[in-house]
Amino acid sequence: MNTKNLFKRQSIYHGLATLCLAFVISNSYGQEGPAASLKETFKDDFLIGTAPNGRQLSGNNEAEQQLIISQFNAVTPENLMKSQSLQPEWGRYEFDQVDRFIAYASEHNMKVNGHTLIWHSQLPRFMRHMEDIDSVRQFFEGHIKTVAGRYDGKVDSWDVVNEALNEDGTLRNSVFLRALGDDYIVEAFKLAQEASPQSKLYYNDYNIEQPKKRAGALRIVKKIQEAGVRIDGVGIQGHWHLGRVPMEYIEQSIQAFAALGVDVMFTELDISVLPNAAGGNTAEISQTSGYSERLNPYPDGLPDSVQQALAQDYEDLFRLFLTYRDNVSRVTFWGAHDGQTWLNNWPIRRRTNYPLLFDRNLAPKPAFYRVIATKSDE
Ligand code: G3I
């Protein structure tokens, strides 16, 4: 086929695809016309990310891949770069899937955030009951040097340490704190800086917009800076609940972290619409509950009133992010669409949640349009 015919054929396909998308959109939520793109809309403001799982970028799901590459310019692998996946046995690393993930992201101009070097959870099996100080230190140093060294500059940034704080702002009683003492976070950043001088270094946690936990995160940032070690930013995860997004605390937190000269990111954004049996604003994955129909109220679809409330929460958030665009460098959703969010299985397995901007058919929801509109309303 000559180039002209190929181009014509591609145009027809493109036209058909756009028509289909418009059809889906207008049938789902009464919106007309093809959807806009998040990454284009906010290109002068901040990166827009998502957190693909291994399957999504593996080449078997064309529609999800199209959604991801058309809407997002940053990716955080949801699970692939956790120590459990990267170092399944002591000293034996498995890099293949991550190498492919990074190559795919680079081909599609998506920045990669490496999640995560040091986290007390999702540790390799051999670390589960490890308390011996020398062995913990060996794992700690070896893992950071090997992983951060291999992907220096290939990842734009690292979540160097993840979720090191309790809700009251004290340090979590993790294997790393017990074996290595209070300075382990500074040490992790120092090792990451040495191994990965070309990548940015972040501290990442949930609920750090809440005043007490925020104070703990501010102490961590200051301690790293006072030690003369580099920290480039703080990730506020942003696992929130419908109607209870803590807007004031979020604004105060952006200001407080920015005042220390570090970037602020929203790194795992989603808004659960389901009752939280565990209570509170938490992403503590050790807290789970049993299933009951009462706790899964929307198995067959989201009522319009809830859909609109979700759209309102997202609109308010993006208005705030835009106000602070000089400080906010990235907004990453924890998932691409409602069909694959972790919130369908946590804290209760097999529920039907609706926390993201795209639905189970990959169609943009009213929240998507309200987020896009925050930009044209400026
Ligand atoms: O891969 C295994 C599979 O082989 C097995 O059959 C299945 C049975 O349960 O489990 C699968 O592993 C699951 C893994 O996700 C991959 O799907 C784990 O059980 C499950 O616990 C794990 O959950 C992840 C969780 O972190 C714990 O690592 C979620 O997908 C992921 O969204 C979530 O992400 C965390 C961030 O890393 C840190 N912040 C909080 C956030 C939400 O908890």
# chains A, B, ... in the order shown; residues from 1 in each chain; ligands from 1

call {"tool": "closest_atom_pairs", "arguments": {"of": "chain A", "to": "ligand 1", "cutoff": "8 Å", "atoms": "only C-alpha atoms and all ligand atoms", "output": "tab-separated table"}}
result
residue	atom	partner	partner_atom_place_in_ligand_line	distance
A:Asn53	CA	ligand 1	30 (O)	7.7
A:Glu78	CA	ligand 1	32 (O)	5.6
A:Asn79	CA	ligand 1	28 (O)	6.0
A:Lys82	CA	ligand 1	28 (O)	7.6
A:His115	CA	ligand 1	37 (O)	7.1
A:Thr116	CA	ligand 1	37 (O)	7.7
A:Ser121	CA	ligand 1	28 (O)	6.9
A:Gln122	CA	ligand 1	28 (O)	5.3
A:Asn162	CA	ligand 1	38 (C)	7.1
A:Glu163	CA	ligand 1	39 (N)	7.4
A:Asp205	CA	ligand 1	39 (N)	7.0
A:Tyr206	CA	ligand 1	39 (N)	6.8
A:Gln237	CA	ligand 1	39 (N)	6.8
A:His239	CA	ligand 1	40 (C)	7.8
A:Glu268	CA	ligand 1	39 (N)	7.0
A:Ala283	CA	ligand 1	40 (C)	5.5
A:Glu284	CA	ligand 1	43 (O)	6.7
A:Ile285	CA	ligand 1	43 (O)	5.3
A:Trp334	CA	ligand 1	32 (O)	7.0
A:Gly335	CA	ligand 1	32 (O)	7.9
A:Thr341	CA	ligand 1	32 (O)	7.1
A:Trp342	CA	ligand 1	32 (O)	4.8
A:Leu343	CA	ligand 1	32 (O)	7.9
A:Trp346	CA	ligand 1	43 (O)	7.8

call {"tool": "residues_around", "arguments": {"residues": "A:Ser253", "least_positions_apart": "3", "cutoff": "10 Å", "atoms": "only C-alpha atoms", "output": "PyMOL selection string"}}
result
chain A and resi 208-211+214-215+218+236+247-250+256-259+264

call {"tool": "residues_around", "arguments": {"residues": "A:Asn113", "least_positions_apart": "3", "cutoff": "9 Å", "atoms": "only C-alpha atoms", "output": "list in words"}}
result
Ala74, Val75, Thr76, Pro77, Thr116, Val155, Asp156, Ser157, Trp158, Asp159 and Lys200 of chain A

call {"tool": "atom_distance", "arguments": {"atom1": "atom CA of A:Gln87", "atom2": "atom CA of A:His143"}}
result
7.9 Å

call {"tool": "residues_around", "arguments": {"residues": "stretch 36-38 of chain A", "least_positions_apart": "5", "cutoff": "8 Å", "atoms": "only C-alpha atoms", "output": "ChimeraX atom specification"}}
result
/A:48,70-72,372

call {"tool": "closest_residue", "arguments": {"among": "A:Ser329, A:Asn296, A:Asn61, A:Ser135", "to": "A:Gly233", "atoms": "only C-alpha atoms"}}
result
A:Ser329

call {"tool": "closest_residue", "arguments": {"among": "A:Leu201, A:Val186, A:Leu123, A:Val306", "to": "A:Gly228", "atoms": "only C-alpha atoms"}}
result
A:Val186

call {"tool": "select_by_dssp", "arguments": {"residues": "stretch 118-360 of chain A", "states": "alpha helix (DSSP H)", "output": "ChimeraX atom specification"}}
result
/A:133-150,175-180,184-195,211-226,247-259,304-323

call {"tool": "closest_residue", "arguments": {"among": "A:Glu187, A:Asp152, A:Asp182, A:Glu64", "to": "A:Phe140", "atoms": "only C-alpha atoms"}}
result
A:Glu187
